[in-house]
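**Q** Shown below is the structure under consideration.
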Amino acid sequence: MQGSFPEVWAELMAAESVVLTTHINPDGDALGSMLALYLALQNQGKKVRMWLDGDLPEMYAFLPARIDISHPPLTVSSADLMVVLDAGDAERTGISFSKFQGKVMNIDHHLSNSGFADVILVDETVAATGILVLRLLEIAEVLITPAIATCLFTAVATDCGFFRYANTDEATFEAAARLVRYGAEPHKISEAIQKMPLTKIVALSRVLASLELFGQGKVAAIMVPDDIPATAVEDTEGFIDYPRNIAGVEVAILFKPAGGPGQVKLSMRSRNLNVSVLAQSFGGGGHARAAGCTLDGTMDEVKNRAIPQVIRAIREAGL
Ligand code: 5GP
Ligand code: MN
C-alpha cells in the first residue's frame, strides 16, 4: 500500500519496536535518512534500532548517532516494524526477510523500486530519500534538531552531487534551505565529506591509470585493481566523477571487485541514457543517471560482457 505521509507516520507511531535499515555499501542518503529517522523516533520515545549489513564508511563517521548502528542478527524475527530506507528492493539490504514476522515499510526514491513492502512511501521524483524523511517529520510536526538536520542535509546534498546533478530541482534547494534553518551547517558537512585519507588519493591515482575509452569515446571505463587494499576497494566514492566529466563521454563505468570471489560490481553514470534500465537488465537497479549492479566473472569477462551492451544501448537511444 502506498501510504500518505500522515498514514506512514501513524504506522511508525503504532509500532512498539522499530528497526531501521538501508542498503549495503551505504551512501550519504542511505545513512543520513536512517540516522535522521532514528533520532526523530528516539525523541518520540520509541524503541528503535538500526541495522547495517557491513561497516560504516569512514567518510560518514562525522554523522550523529552513527555509533548506535549495529550489524543485523543472523535470524531476523524481532520488532513490529522494519523500515527499509533508500533501497528499492529487499535484497539490497543484505538481510533475509523470510523469517521476519512484522510489517515492512519502505521509504525510497529509486526508479527501479520493486514495491516489496507492506507500507510504501516511494517517490522517484525527489532527489533523495532524505527529502521524504524531512517531509514526513515536518508533516508530523516533530522537532527537527540540528543533529537531525545535519543527517538530512548530508542525505540530500550527497545524492544530488551537492546540488549539481540533473535531479537537483526547486524542491531540493527548498529542502536544503529548510535544513539550514533547522541547524545544518553546509560548509562543515561538505568539509567532513571531502576530507579523505592519503590512501584514498593513492588508490585514486592507480584507478585513474586504468582509464579506457570505448564506443568512439562515448563510454569511459575505470577499474579498481585486485591488488588494492580492501579499505581502498570499499571507499571509491567520487572516483566515477572523473570519467563522467570527460568531454564527449555519455556513460562512465567503474568496475571493482565485489564482496564475493569472482564477482564484479559496476557503477554507472550517464549524461542522458537511462542507466537504471541497463542496470536492471544486469540484475541491479538505481536511478536514470546513476545505477549499478554486480555481475559474476573475472574483471575482464565482466568488462567484455558489459561494455558492448552499454555501447548498444547508447546507439539504440540515438545518443
Ligand atoms: P553506486 O554506483 O554509487 O553504487 O550506486 C548508484 C545508484 O545505483 C544508487 O542509487 C544505488 O542504490 C544503485 N545501485 C548500485 N548498485 C546496485 C545494485 O547492485 N542493485 C540495485 N538494485 N541498485 C544498485
Ligand atoms: Mn538515495
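Ordering of the C-alpha cells sets the chain letters (A, B, ...), residue numbers begin anew at 1 in every chain, and ligands are numbered from 1 in the order given.
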Give me, as a JSON list (two decimals) with N, CA and C atoms, in the first residue's frame, all polymer residues having an atom no more than 10 Å from Leu56 in chain A, counting only C-alpha atoms and skipping those fewer than 6 positions away in the same chain.
**A**
```json
[["chain", "number", "residue", "atom", "x", "y", "z"],
["A", 24, "ILE", "N", 23.27, -2.05, 1.44],
["A", 24, "ILE", "CA", 24.69, -2.33, 1.64],
["A", 24, "ILE", "C", 25.51, -1.28, 0.91],
["A", 25, "ASN", "N", 26.78, -1.16, 1.25],
["A", 25, "ASN", "CA", 27.63, -0.08, 0.73],
["A", 25, "ASN", "C", 26.88, 1.25, 0.83],
["A", 26, "PRO", "N", 26.47, 1.63, 2.01],
["A", 26, "PRO", "CA", 25.58, 2.79, 2.14],
["A", 26, "PRO", "C", 26.26, 4.09, 1.74],
["A", 27, "ASP", "N", 25.48, 4.98, 1.14],
["A", 27, "ASP", "CA", 25.98, 6.30, 0.79],
["A", 27, "ASP", "C", 25.39, 7.33, 1.77],
["A", 31, "LEU", "N", 22.58, 6.58, 4.82],
["A", 31, "LEU", "CA", 22.91, 6.75, 6.24],
["A", 31, "LEU", "C", 22.22, 7.96, 6.84],
["A", 66, "ARG", "N", 25.88, 7.67, 14.77],
["A", 66, "ARG", "CA", 26.30, 6.54, 13.95],
["A", 66, "ARG", "C", 26.81, 5.36, 14.80],
["A", 67, "ILE", "N", 27.26, 5.64, 16.05],
["A", 67, "ILE", "CA", 27.75, 4.53, 16.89],
["A", 67, "ILE", "C", 26.61, 3.61, 17.32],
["A", 69, "ILE", "N", 24.55, 2.27, 15.31],
["A", 69, "ILE", "CA", 24.27, 1.33, 14.20],
["A", 69, "ILE", "C", 24.91, -0.02, 14.52],
["A", 70, "SER", "N", 24.13, -1.09, 14.38],
["A", 70, "SER", "CA", 24.71, -2.42, 14.64],
["A", 70, "SER", "C", 24.49, -3.33, 13.43]]
```
**Q** Which residues of chain A sit at most 6 Å from ligand 1, using only C-alpha atoms and all ligand atoms? Give each one's shortest atom pair and distance in Å (one decimal place), in chain and ascending residue order, as a tab-separated table.
**A**
```
residue	atom	partner	partner_atom_place_in_ligand_line	distance
A:Ser267	CA	ligand 1	2 (O)	3.6
A:Met268	CA	ligand 1	2 (O)	5.7
A:Gly284	CA	ligand 1	20 (N)	3.5
A:Gly285	CA	ligand 1	22 (N)	3.5
A:Gly286	CA	ligand 1	8 (O)	3.6
A:His287	CA	ligand 1	10 (O)	5.7
A:Ala290	CA	ligand 1	6 (C)	4.6
A:Ala291	CA	ligand 1	8 (O)	3.2
A:Gly292	CA	ligand 1	16 (N)	3.4
A:Cys293	CA	ligand 1	19 (O)	3.4
A:Thr294	CA	ligand 1	19 (O)	5.1
```
**Q** At a cut-off of 8 Å, using only C-alpha atoms, what residues contact Phe255 in chain A? Leave out same-chain residues fewer than 5 positions from it and give the result as a list in words.
**A**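 Surrounding residues, per the criterion: Ala221, Ile222, Met223, Val224, Val264, Lys265, Leu266, Ser267, Met299 and Lys303 of chain A.
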**Q** Report as a ChimeraX atom specification all protein, DNA and RNA residues lying within 7 Å of range 120-134 of chain A, evaluated on only C-alpha atoms, omitting residues in the same chain fewer than 3 positions from it.
**A** /A:1-3,29,32-33,37,86,105-111,117,137-138,152,155-156,159-160,167-168,172,175
**Q** Which value, in Å to one decimal, gives the distance between CA of Pro73 in chain A and CA of Leu39 in chain A?
**A**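 Answer for the CA of Pro73 in chain A to CA of Leu39 in chain A separation: 21.5 Å.
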